[in-house]
Structure formats: structure tokens, C-alpha cells
>>> print(open('start-v4.cif').read())   # mmCIF, C-alpha atoms (C1' of nucleotides)
data_coords
#
loop_
_atom_site.label_atom_id
_atom_site.label_comp_id
_atom_site.auth_asym_id
_atom_site.auth_seq_id
_atom_site.Cartn_x
_atom_site.Cartn_y
_atom_site.Cartn_z
CA MET A 1 90.20 135.32 95.36
CA ALA A 2 92.05 138.04 93.58
CA ARG A 3 91.04 140.73 91.18
CA ALA A 4 89.22 139.53 88.07
CA ALA A 5 91.45 138.78 85.12
CA THR A 6 91.94 141.49 82.54
CA THR A 7 90.61 138.97 80.08
CA ALA A 8 87.45 138.45 82.08
CA ASP A 9 85.44 140.99 80.12
CA ALA A 10 85.69 144.24 78.19
CA PHE A 11 85.36 146.26 81.39
CA ASN A 12 88.56 144.80 82.77
CA ALA A 13 90.41 144.73 79.47
CA VAL A 14 89.71 148.38 78.84
CA ALA A 15 90.62 149.57 82.29
CA GLU A 16 94.23 149.70 81.13
CA PRO A 17 94.98 153.02 79.40
CA ARG A 18 97.44 151.48 76.95
CA ARG A 19 94.80 149.13 75.68
CA ARG A 20 92.39 151.99 75.15
CA GLN A 21 95.10 153.74 73.18
CA ILE A 22 95.58 150.65 71.07
CA LEU A 23 91.88 150.49 70.32
CA ASP A 24 91.88 154.18 69.50
CA ALA A 25 94.71 153.64 67.08
CA LEU A 26 92.95 150.70 65.46
CA ALA A 27 89.82 152.75 65.03
CA GLY A 28 91.58 154.31 62.07
CA GLY A 29 92.09 150.97 60.38
CA GLU A 30 94.04 147.78 60.70
CA ARG A 31 97.69 147.98 61.67
CA PRO A 32 100.67 145.72 62.21
CA VAL A 33 102.15 145.33 65.69
CA ASN A 34 105.28 147.38 65.17
CA ASP A 35 103.21 150.18 63.81
CA LEU A 36 101.28 150.31 67.05
CA ALA A 37 104.47 150.10 69.04
CA ARG A 38 105.85 153.11 67.22
CA LEU A 39 102.63 155.04 67.55
CA LEU A 40 102.28 154.45 71.26
CA GLU A 41 106.00 154.60 71.95
CA LEU A 42 105.80 151.21 73.58
CA ALA A 43 108.07 148.19 73.32
CA GLN A 44 106.91 145.56 70.88
CA PRO A 45 106.49 142.75 73.42
CA GLN A 46 104.23 144.90 75.56
CA VAL A 47 102.09 145.67 72.54
CA SER A 48 101.82 141.99 71.67
CA LYS A 49 100.80 141.25 75.22
CA HIS A 50 98.16 143.94 75.27
CA LEU A 51 96.85 142.72 71.95
CA ARG A 52 96.59 139.27 73.39
CA VAL A 53 94.34 140.54 76.15
CA LEU A 54 92.23 142.47 73.67
CA LYS A 55 91.95 139.40 71.52
CA ALA A 56 90.86 137.32 74.47
CA VAL A 57 87.85 139.56 74.95
CA ASP A 58 87.29 139.73 71.22
CA LEU A 59 87.98 143.44 70.95
CA VAL A 60 90.44 142.89 68.13
CA ALA A 61 90.78 140.44 65.28
CA VAL A 62 93.92 139.47 63.41
CA ARG A 63 94.78 138.77 59.84
CA ASP A 64 98.05 137.33 58.63
CA ALA A 65 99.85 139.27 55.97
CA GLY A 66 103.19 137.71 55.27
CA ARG A 67 105.43 138.24 58.21
CA GLN A 68 103.16 140.87 59.58
CA ARG A 69 100.01 140.40 61.55
CA LEU A 70 97.40 143.03 60.93
CA TYR A 71 95.17 143.73 63.89
CA ARG A 72 91.83 145.40 63.54
CA LEU A 73 89.21 146.70 65.89
CA ASN A 74 86.12 144.74 66.77
CA SER A 75 84.00 147.15 68.73
CA PRO A 76 80.80 145.27 69.61
CA PRO A 77 82.18 143.89 72.89
CA LEU A 78 82.26 147.50 74.09
CA GLN A 79 78.53 147.69 73.89
CA PRO A 80 77.84 146.42 77.43
CA ILE A 81 80.04 149.20 78.78
CA TYR A 82 78.16 151.75 76.75
CA GLU A 83 74.83 150.38 77.80
CA TRP A 84 75.77 150.40 81.45
CA VAL A 85 77.30 153.84 81.61
CA LYS A 86 74.66 155.40 79.39
CA GLN A 87 72.09 155.09 82.14
CA TYR A 88 74.11 157.43 84.29
CA GLU A 89 74.65 160.04 81.64
CA GLN A 90 71.22 161.43 82.41
CA LEU A 91 72.09 161.88 86.02
CA TRP A 92 74.94 164.24 85.44
CA SER A 93 73.49 166.03 82.45
CA GLU A 94 70.15 166.82 83.98
CA ARG A 95 70.08 170.14 85.73
CA PHE A 96 67.61 168.99 88.35
CA ASP A 97 69.88 166.38 89.75
CA GLN A 98 72.70 168.81 90.09
CA MET A 99 70.36 171.12 91.89
CA ASP A 100 69.44 168.30 94.22
CA VAL A 101 73.06 167.75 95.05
CA VAL A 102 73.58 171.42 95.77
CA LEU A 103 70.51 171.52 97.95
CA GLU A 104 71.67 168.46 99.83
CA GLU A 105 75.00 170.08 100.51
CA LEU A 106 73.32 173.22 101.71
CA LYS A 107 71.21 171.20 104.10
CA GLU A 108 74.35 169.53 105.41
CA LYS A 109 76.02 172.84 105.97
CA GLU A 110 72.99 174.17 107.76
CA LYS A 111 72.99 171.15 110.03
CA GLY A 112 76.58 171.80 110.89
CA ASN A 113 75.80 175.37 111.67
CA ASP A 114 72.95 174.32 113.90
CA LYS A 115 75.24 172.05 115.82
CA ASP A 116 77.76 174.79 116.31
CA GLN A 117 75.24 177.07 117.83
CA MET B 118 104.98 147.84 88.04
CA ALA B 119 101.76 146.03 88.61
CA ARG B 120 98.24 146.56 87.47
CA ALA B 121 96.86 150.03 88.09
CA ALA B 122 95.08 150.41 91.39
CA THR B 123 91.33 150.04 91.45
CA THR B 124 91.32 153.54 92.91
CA ALA B 125 93.33 154.92 90.01
CA ASP B 126 90.28 156.07 88.08
CA ALA B 127 86.66 155.28 87.36
CA PHE B 128 87.63 152.78 84.65
CA ASN B 129 89.43 150.60 87.14
CA ALA B 130 86.97 151.12 89.97
CA VAL B 131 84.06 150.11 87.80
CA ALA B 132 85.70 147.05 86.29
CA GLU B 133 84.58 145.12 89.37
CA PRO B 134 80.99 143.86 88.91
CA ARG B 135 80.13 144.22 92.56
CA ARG B 136 80.95 147.87 92.47
CA ARG B 137 78.75 148.38 89.45
CA GLN B 138 75.98 146.67 91.34
CA ILE B 139 76.51 149.00 94.25
CA LEU B 140 76.29 152.02 91.98
CA ASP B 141 73.17 150.59 90.38
CA ALA B 142 71.61 150.20 93.78
CA LEU B 143 72.54 153.72 94.77
CA ALA B 144 71.00 155.07 91.59
CA GLY B 145 67.68 154.62 93.34
CA GLY B 146 68.70 156.83 96.22
CA GLU B 147 71.00 156.92 99.20
CA ARG B 148 71.33 153.77 101.28
CA PRO B 149 73.09 152.57 104.41
CA VAL B 150 75.80 149.94 104.17
CA ASN B 151 73.85 147.02 105.56
CA ASP B 152 71.07 147.78 103.16
CA LEU B 153 73.47 147.33 100.28
CA ALA B 154 74.89 144.19 101.83
CA ARG B 155 71.42 142.69 102.01
CA LEU B 156 70.54 143.76 98.50
CA LEU B 157 73.70 142.37 96.96
CA GLU B 158 73.87 139.37 99.25
CA LEU B 159 77.36 140.35 100.22
CA ALA B 160 79.08 140.43 103.59
CA GLN B 161 79.13 143.84 105.23
CA PRO B 162 82.92 144.20 105.34
CA GLN B 163 83.20 143.58 101.61
CA VAL B 164 80.59 146.23 100.95
CA SER B 165 82.47 148.70 103.10
CA LYS B 166 85.63 147.92 101.22
CA HIS B 167 84.01 148.36 97.84
CA LEU B 168 82.49 151.62 99.00
CA ARG B 169 85.90 152.78 100.03
CA VAL B 170 87.19 152.25 96.51
CA LEU B 171 84.19 154.03 95.03
CA LYS B 172 84.72 156.88 97.44
CA ALA B 173 88.36 157.14 96.45
CA VAL B 174 87.37 157.83 92.85
CA ASP B 175 84.55 160.08 94.00
CA LEU B 176 81.80 157.89 92.64
CA VAL B 177 79.95 157.94 95.95
CA ALA B 178 79.51 160.42 98.74
CA VAL B 179 78.63 159.72 102.36
CA ARG B 180 76.43 161.33 104.92
CA ASP B 181 76.33 160.42 108.57
CA ALA B 182 72.95 159.58 109.99
CA GLY B 183 73.30 158.44 113.55
CA ARG B 184 74.96 155.08 113.61
CA GLN B 185 74.31 154.64 109.95
CA ARG B 186 76.27 156.03 107.06
CA LEU B 187 74.19 156.85 104.05
CA TYR B 188 75.99 156.49 100.76
CA ARG B 189 74.79 158.16 97.61
CA LEU B 190 75.80 158.08 93.99
CA ASN B 191 77.98 160.74 92.42
CA SER B 192 77.88 159.96 88.74
CA PRO B 193 80.02 162.65 87.07
CA PRO B 194 83.26 160.64 87.37
CA LEU B 195 81.65 158.16 84.98
CA GLN B 196 81.60 160.74 82.24
CA PRO B 197 85.09 159.97 80.88
CA ILE B 198 84.03 156.37 80.39
CA TYR B 199 80.93 157.45 78.56
CA GLU B 200 82.84 159.86 76.39
CA TRP B 201 85.41 157.27 75.46
CA VAL B 202 83.07 154.42 74.68
CA LYS B 203 80.55 156.63 72.94
CA GLN B 204 82.90 157.06 70.00
CA TYR B 205 82.72 153.37 69.28
CA GLU B 206 78.98 153.13 69.43
CA GLN B 207 78.77 154.32 65.87
CA LEU B 208 81.12 151.61 64.72
CA TRP B 209 78.99 148.78 65.91
CA SER B 210 75.75 150.40 64.87
CA GLU B 211 77.23 150.78 61.41
CA ARG B 212 77.93 147.11 61.52
CA PHE B 213 74.29 146.51 62.38
CA ASP B 214 73.38 148.57 59.37
CA GLN B 215 75.54 146.32 57.24
CA MET B 216 73.78 143.36 58.79
CA ASP B 217 70.52 144.96 57.81
CA VAL B 218 71.79 145.06 54.27
CA VAL B 219 72.65 141.38 54.43
CA LEU B 220 69.25 140.54 55.84
CA GLU B 221 67.67 142.57 53.11
CA GLU B 222 69.58 140.59 50.54
CA LEU B 223 68.48 137.36 52.15
CA LYS B 224 64.91 138.49 52.01
CA GLU B 225 65.37 139.29 48.36
CA LYS B 226 66.74 135.83 47.73
CA GLU B 227 63.84 134.28 49.56
CA LYS B 228 61.50 136.21 47.35
CA GLY B 229 63.31 134.71 44.43
CA ASN B 230 62.83 131.24 45.89
CA ASP B 231 59.16 131.90 46.32
CA LYS B 232 58.97 132.70 42.69
CA ASP B 233 60.66 129.45 41.81
CA GLN B 234 58.08 127.43 43.61
"C1'" DT C 235 78.02 152.59 131.95
"C1'" DT C 236 76.82 148.71 129.44
"C1'" DG C 237 75.09 146.26 125.67
"C1'" DA C 238 73.64 146.16 121.05
"C1'" DC C 239 73.82 147.71 116.58
"C1'" DG C 240 76.08 149.64 112.25
"C1'" DT C 241 80.24 150.29 110.00
"C1'" DA C 242 85.27 150.24 109.17
"C1'" DT C 243 89.75 148.14 109.44
"C1'" DT C 244 93.15 144.55 109.67
"C1'" DC C 245 95.23 140.13 108.65
"C1'" DC C 246 95.75 136.22 105.68
"C1'" DC C 247 96.21 134.11 101.20
"C1'" DA C 248 95.75 132.68 96.46
"C1'" DT C 249 96.05 134.95 92.27
"C1'" DA C 250 97.20 138.29 88.46
"C1'" DT C 251 99.11 142.06 86.72
"C1'" DC C 252 102.53 144.92 84.07
"C1'" DA C 253 107.06 146.25 82.55
"C1'" DG C 254 111.60 144.85 81.12
"C1'" DA C 255 114.83 141.69 79.31
"C1'" DA C 256 115.81 137.70 76.97
"C1'" DT C 257 114.53 134.39 73.91
"C1'" DA C 258 111.60 131.71 70.82
"C1'" DT C 259 108.85 131.25 66.61
"C1'" DA C 260 107.60 132.38 61.90
"C1'" DA C 261 108.11 134.11 57.32
"C1'" DT C 262 110.83 136.26 53.78
"C1'" DG C 263 114.69 136.95 50.60
"C1'" DA C 264 119.34 136.11 49.05
"C1'" DT D 265 120.40 127.20 53.99
"C1'" DC D 266 121.25 131.49 56.40
"C1'" DA D 267 120.41 136.13 57.81
"C1'" DT D 268 116.87 139.33 58.59
"C1'" DT D 269 112.58 141.03 59.83
"C1'" DA D 270 108.07 140.76 62.46
"C1'" DT D 271 105.78 139.00 66.20
"C1'" DA D 272 104.99 136.04 70.32
"C1'" DT D 273 106.29 133.89 74.60
"C1'" DT D 274 108.72 133.21 78.87
"C1'" DC D 275 110.86 134.62 83.11
"C1'" DT D 276 111.39 137.82 86.91
"C1'" DG D 277 109.91 140.91 90.49
"C1'" DA D 278 107.18 144.44 92.73
"C1'" DT D 279 102.54 145.29 93.67
"C1'" DA D 280 97.62 144.95 94.59
"C1'" DT D 281 93.42 142.66 94.68
"C1'" DG D 282 89.15 140.50 96.79
"C1'" DG D 283 87.03 137.37 99.88
"C1'" DG D 284 86.72 135.49 104.65
"C1'" DA D 285 87.35 135.93 109.42
"C1'" DA D 286 88.27 138.50 113.33
"C1'" DT D 287 88.20 142.67 115.46
"C1'" DA D 288 88.05 147.61 116.27
"C1'" DC D 289 85.41 151.83 116.31
"C1'" DG D 290 81.34 154.81 116.91
"C1'" DT D 291 76.70 155.74 118.30
"C1'" DC D 292 72.50 155.10 120.54
"C1'" DA D 293 69.22 153.30 124.15
"C1'" DA D 294 68.31 151.70 128.63
#
>>> encode(input="start-v4.cif", output="C-alpha cells")
Amino acid sequence: MARAATTADAFNAVAEPRRRQILDALAGGERPVNDLARLLELAQPQVSKHLRVLKAVDLVAVRDAGRQRLYRLNSPPLQPIYEWVKQYEQLWSERFDQMDVVLEELKEKEKGNDKDQ
Amino acid sequence: MARAATTADAFNAVAEPRRRQILDALAGGERPVNDLARLLELAQPQVSKHLRVLKAVDLVAVRDAGRQRLYRLNSPPLQPIYEWVKQYEQLWSERFDQMDVVLEELKEKEKGNDKDQ
DNA sequence: TTGACGTATTCCCATATCAGAATATAATGA
DNA sequence: TCATTATATTCTGATATGGGAATACGTCAA
């Protein structure tokens, strides 16, 4: 098998920086496609394609407005990412863990020194 | 160009479920490769390959222990993901608040129905 | 040294990606 | 209806993935 599709879940969809930028832009409110293209300095077809991926994982919704299509953010599908990564936030923010890492490295170094002698 | 490499950053590395599982397993402490393979019911070579990706983005560190190689979690590279997704957490919790409002209204209506009976 | 164990690498292959260019579709206004 | 504007789709090509299988590498014990 190959790599999971970008449309497989929010994790994969959001791994692409352009798509994160699009979501960031939509956080300010709904926008038509060309607007996004101008903002991100990206060609219109690429924007449409990225939006398609985001739509597939339900991260955006669309609304027709004449010839324009107004896309808007739908953030809830990001929640699993938040929930997953949140658990690790403690690990890097807690001082004790950092101390553990430092101590581990010191032990390693000491081992190396022992070997040398 | 093609899709960004899995080793491009933590976003891409972590988009693969198996690699998240590996990190989850390592959250409990350092482990040798075969241990992980058994835990995740995955063939050893695949585990080694996933670990290589995780190492490339500095999400794991290794320590030699005889014939074994003990891998351990290094969570700080996950921080950019947390920081990015955290901004959206408010948006969906606000939505929940709105839902609360709706539920409240429903309850009110029900009260009204009770009165009718 | 040899054999066994633990881990890493390589090869194969089906599958997707992303950008760019070209083109198609849809809606509006004259 | 026709031209214009806004968006979507299709095609191409270079690239990489992830699993499976086979194999190579490294270390320890006898």
C-alpha cells in the first residue's frame, strides 16, 4: 500500500502547509476562492484542489453566492488532533521531564567516558 | 513536485496512525524495537522504518543497549502542532456553547409542553 | 568462531500526491 | 445569445510512500 490519502482524515489533510494557511485565512470569516488565491499567492486551480481536500474531511463548508462560492471554516474535525497532541504538551512543559532528559544524557556521556578510560 | 516527505516535519510524520501509536507506546517509557512490534502487532522491519521517520523529525531518540536499541519519546517537536491547532479549539468550543443555547431553548419548549398537558 | 538474536536496509509494487497548464462548467450581464 | 467572470476538473510528470519479503549488519553467548 501507499501513503494514506490526504482525504483520509484531518491529520493527513492538515499536513500540507497550504491547507493550514487556507484554514487560517478562513478563520477570519468566509471567503470566495479567488480571494484565497490572492491572499496565499497561489493559482486558483490549486486553491480549488486544496479546498476539495478540506471539504472531503469536512474542515470547510461551502455556500453558493451567485458566481462565487463562499468557503467557511468548520473546525470540529480538528478536535482529534488537538486531543491527541494535548497529551504530550505536559511532557515538554513540565520541568521534571526536561530534567530527566538532561540526566539521561549525562549518564550517557559518563558511560562514554568510562569506556574511553 | 509531489507530496511533502513524511520526514519534512512533525505534521507529516505524525499523519501516519502507526507512528502515532508508536509515540503513544513510547510515552510510557523507552522500549526496544521488537517490543513495539509486539505491542502494535506490526512486523519488525516496518517498525524500524517508522522509527527512522520519527527519528528524522527528532520525535524519538535512541540509546544502544547491547543488541537492543532503546527508543524513547522526544515530544518537543510536537509543539508546533499543538500551537497551531490550539487556536481552533476555541472555535469549536464556542460552537458547543451555541449548542448549549439550543439545548436550553429545547428544554424551555419542553417545559412549555408540560404546561400544555 | 559459530550460531542465535535484535535491528536495519534493500527491493518491489501499487498508489497518491502536488504543481502547472489547459480546459470545462456555471452564472451573470449586455 | 454571447462575452465575461468565478470556480472546478482533467492531464501530465516527478516523487515518495508503506507493506511484504529477503537479506544484511551488529552483538552476545557458548
>>> closest_residue(input="start-v4.cif", among="C:DC239, C:DA258, C:DC245, C:DA253", to="Gln185 of chain B", atoms="all atoms listed in the file")
C:DC239
>>> resolve_selection(input="start-v4.cif", expression="the PyMOL selection byres ((chain D) within 7 of (chain B))", output="ChimeraX atom specification")
/D:278-280,291
>>> resolve_selection(input="start-v4.cif", expression="the PyMOL selection byres ((chain A) within 10 of (chain B))", output="MDAnalysis selection string")
chainID A and resid 3:4 6 8:17 20 23:24 27 73:93 98 101 104:105 108
>>> closest_atom_pairs(input="start-v4.cif", of="chain C", to="chain A", cutoff="10 Å", atoms="only C-alpha atoms (C1' of nucleotides)", output="Markdown table")
| residue | atom | partner | partner_atom | distance |
| --- | --- | --- | --- | --- |
| C:DC247 | C1' | A:Met1 | CA | 8.5 |
| C:DA248 | C1' | A:Met1 | CA | 6.2 |
| C:DT249 | C1' | A:Ala2 | CA | 5.2 |
| C:DA250 | C1' | A:Ala5 | CA | 6.7 |
| C:DT251 | C1' | A:Thr6 | CA | 8.3 |
| C:DC252 | C1' | A:Gln46 | CA | 8.7 |
| C:DA253 | C1' | A:Gln46 | CA | 7.7 |
| C:DG254 | C1' | A:Ala43 | CA | 9.2 |
| C:DA260 | C1' | A:Arg67 | CA | 7.3 |
| C:DA261 | C1' | A:Arg67 | CA | 5.0 |
| C:DT262 | C1' | A:Arg67 | CA | 7.3 |
>>> atom_distance(input="start-v4.cif", atom1="atom CA of Gly146 of chain B", atom2="atom CA of Val177 of chain B")
11.3 Å
>>> resolve_selection(input="start-v4.cif", expression="the PyMOL selection byres ((chain A and resi 37) around 12)", output="list of chain:residue names")
A:Arg18, A:Arg19, A:Gln21, A:Ile22, A:Ala25, A:Arg31, A:Pro32, A:Val33, A:Asn34, A:Asp35, A:Leu36, A:Arg38, A:Leu39, A:Leu40, A:Glu41, A:Leu42, A:Ala43, A:Gln44, A:Pro45, A:Gln46, A:Val47, A:Ser48, A:Lys49, A:His50, A:Leu51, D:DA270, D:DT271
>>> atom_distance(input="start-v4.cif", atom1="atom CA of Glu30 of chain A", atom2="atom CA of Leu70 of chain A")
5.8 Å
>>> atom_distance(input="start-v4.cif", atom1="atom C1' of DA256 of chain C", atom2="atom C1' of DT269 of chain D")
17.8 Å
>>> decode(input="start-v4.cif", residues="segment 19-44 of chain A", atoms="N, CA and C atoms", output="PDB file, in the first residue's frame")
ATOM      1  N   ARG A  19      -2.757  24.081   3.055  1.00  0.00           N
ATOM      2  CA  ARG A  19      -4.113  23.864   3.564  1.00  0.00           C
ATOM      3  C   ARG A  19      -4.269  24.463   4.957  1.00  0.00           C
ATOM      4  N   ARG A  20      -3.208  24.446   5.716  1.00  0.00           N
ATOM      5  CA  ARG A  20      -3.277  25.118   7.022  1.00  0.00           C
ATOM      6  C   ARG A  20      -3.444  26.615   6.810  1.00  0.00           C
ATOM      7  N   GLN A  21      -2.740  27.135   5.838  1.00  0.00           N
ATOM      8  CA  GLN A  21      -2.877  28.570   5.541  1.00  0.00           C
ATOM      9  C   GLN A  21      -4.304  28.905   5.142  1.00  0.00           C
ATOM     10  N   ILE A  22      -4.886  28.046   4.332  1.00  0.00           N
ATOM     11  CA  ILE A  22      -6.263  28.278   3.906  1.00  0.00           C
ATOM     12  C   ILE A  22      -7.190  28.310   5.117  1.00  0.00           C
ATOM     13  N   LEU A  23      -7.018  27.343   5.995  1.00  0.00           N
ATOM     14  CA  LEU A  23      -7.855  27.326   7.196  1.00  0.00           C
ATOM     15  C   LEU A  23      -7.625  28.580   8.034  1.00  0.00           C
ATOM     16  N   ASP A  24      -6.374  28.970   8.151  1.00  0.00           N
ATOM     17  CA  ASP A  24      -6.066  30.186   8.905  1.00  0.00           C
ATOM     18  C   ASP A  24      -6.788  31.387   8.308  1.00  0.00           C
ATOM     19  N   ALA A  25      -6.775  31.436   6.988  1.00  0.00           N
ATOM     20  CA  ALA A  25      -7.439  32.565   6.327  1.00  0.00           C
ATOM     21  C   ALA A  25      -8.950  32.517   6.573  1.00  0.00           C
ATOM     22  N   LEU A  26      -9.501  31.323   6.541  1.00  0.00           N
ATOM     23  CA  LEU A  26     -10.945  31.193   6.722  1.00  0.00           C
ATOM     24  C   LEU A  26     -11.374  31.405   8.169  1.00  0.00           C
ATOM     25  N   ALA A  27     -10.401  31.376   9.056  1.00  0.00           N
ATOM     26  CA  ALA A  27     -10.735  31.606  10.460  1.00  0.00           C
ATOM     27  C   ALA A  27     -11.299  33.009  10.639  1.00  0.00           C
ATOM     28  N   GLY A  28     -10.933  33.903   9.730  1.00  0.00           N
ATOM     29  CA  GLY A  28     -11.420  35.271   9.812  1.00  0.00           C
ATOM     30  C   GLY A  28     -12.800  35.470   9.225  1.00  0.00           C
ATOM     31  N   GLY A  29     -13.333  34.427   8.619  1.00  0.00           N
ATOM     32  CA  GLY A  29     -14.654  34.541   8.008  1.00  0.00           C
ATOM     33  C   GLY A  29     -14.690  33.894   6.649  1.00  0.00           C
ATOM     34  N   GLU A  30     -15.865  33.737   6.111  1.00  0.00           N
ATOM     35  CA  GLU A  30     -15.979  33.053   4.823  1.00  0.00           C
ATOM     36  C   GLU A  30     -15.415  33.895   3.692  1.00  0.00           C
ATOM     37  N   ARG A  31     -14.911  33.192   2.680  1.00  0.00           N
ATOM     38  CA  ARG A  31     -14.221  33.865   1.582  1.00  0.00           C
ATOM     39  C   ARG A  31     -14.439  33.108   0.293  1.00  0.00           C
ATOM     40  N   PRO A  32     -14.470  33.842  -0.818  1.00  0.00           N
ATOM     41  CA  PRO A  32     -14.520  33.181  -2.126  1.00  0.00           C
ATOM     42  C   PRO A  32     -13.123  32.665  -2.515  1.00  0.00           C
ATOM     43  N   VAL A  33     -13.115  31.777  -3.491  1.00  0.00           N
ATOM     44  CA  VAL A  33     -11.885  31.090  -3.892  1.00  0.00           C
ATOM     45  C   VAL A  33     -10.795  32.053  -4.344  1.00  0.00           C
ATOM     46  N   ASN A  34     -11.152  32.971  -5.216  1.00  0.00           N
ATOM     47  CA  ASN A  34     -10.138  33.891  -5.742  1.00  0.00           C
ATOM     48  C   ASN A  34      -9.530  34.763  -4.658  1.00  0.00           C
ATOM     49  N   ASP A  35     -10.327  35.051  -3.685  1.00  0.00           N
ATOM     50  CA  ASP A  35      -9.842  35.802  -2.539  1.00  0.00           C
ATOM     51  C   ASP A  35      -8.704  35.053  -1.868  1.00  0.00           C
ATOM     52  N   LEU A  36      -8.939  33.793  -1.631  1.00  0.00           N
ATOM     53  CA  LEU A  36      -7.920  32.943  -1.011  1.00  0.00           C
ATOM     54  C   LEU A  36      -6.687  32.859  -1.897  1.00  0.00           C
ATOM     55  N   ALA A  37      -6.928  32.720  -3.197  1.00  0.00           N
ATOM     56  CA  ALA A  37      -5.801  32.620  -4.119  1.00  0.00           C
ATOM     57  C   ALA A  37      -4.930  33.864  -4.035  1.00  0.00           C
ATOM     58  N   ARG A  38      -5.583  35.013  -3.959  1.00  0.00           N
ATOM     59  CA  ARG A  38      -4.818  36.260  -3.867  1.00  0.00           C
ATOM     60  C   ARG A  38      -4.074  36.322  -2.549  1.00  0.00           C
ATOM     61  N   LEU A  39      -4.776  35.996  -1.496  1.00  0.00           N
ATOM     62  CA  LEU A  39      -4.169  36.046  -0.169  1.00  0.00           C
ATOM     63  C   LEU A  39      -2.935  35.158  -0.059  1.00  0.00           C
ATOM     64  N   LEU A  40      -3.061  33.961  -0.560  1.00  0.00           N
ATOM     65  CA  LEU A  40      -1.967  32.994  -0.406  1.00  0.00           C
ATOM     66  C   LEU A  40      -0.996  33.039  -1.580  1.00  0.00           C
ATOM     67  N   GLU A  41      -1.280  33.911  -2.529  1.00  0.00           N
ATOM     68  CA  GLU A  41      -0.419  33.992  -3.718  1.00  0.00           C
ATOM     69  C   GLU A  41      -0.266  32.609  -4.343  1.00  0.00           C
ATOM     70  N   LEU A  42      -1.422  32.031  -4.617  1.00  0.00           N
ATOM     71  CA  LEU A  42      -1.475  30.684  -5.170  1.00  0.00           C
ATOM     72  C   LEU A  42      -2.409  30.718  -6.374  1.00  0.00           C
ATOM     73  N   ALA A  43      -2.157  29.866  -7.324  1.00  0.00           N
ATOM     74  CA  ALA A  43      -3.021  29.817  -8.509  1.00  0.00           C
ATOM     75  C   ALA A  43      -4.397  29.301  -8.119  1.00  0.00           C
ATOM     76  N   GLN A  44      -5.403  29.794  -8.815  1.00  0.00           N
ATOM     77  CA  GLN A  44      -6.775  29.431  -8.456  1.00  0.00           C
ATOM     78  C   GLN A  44      -7.032  27.923  -8.484  1.00  0.00           C
TER      79      GLN A  44
END
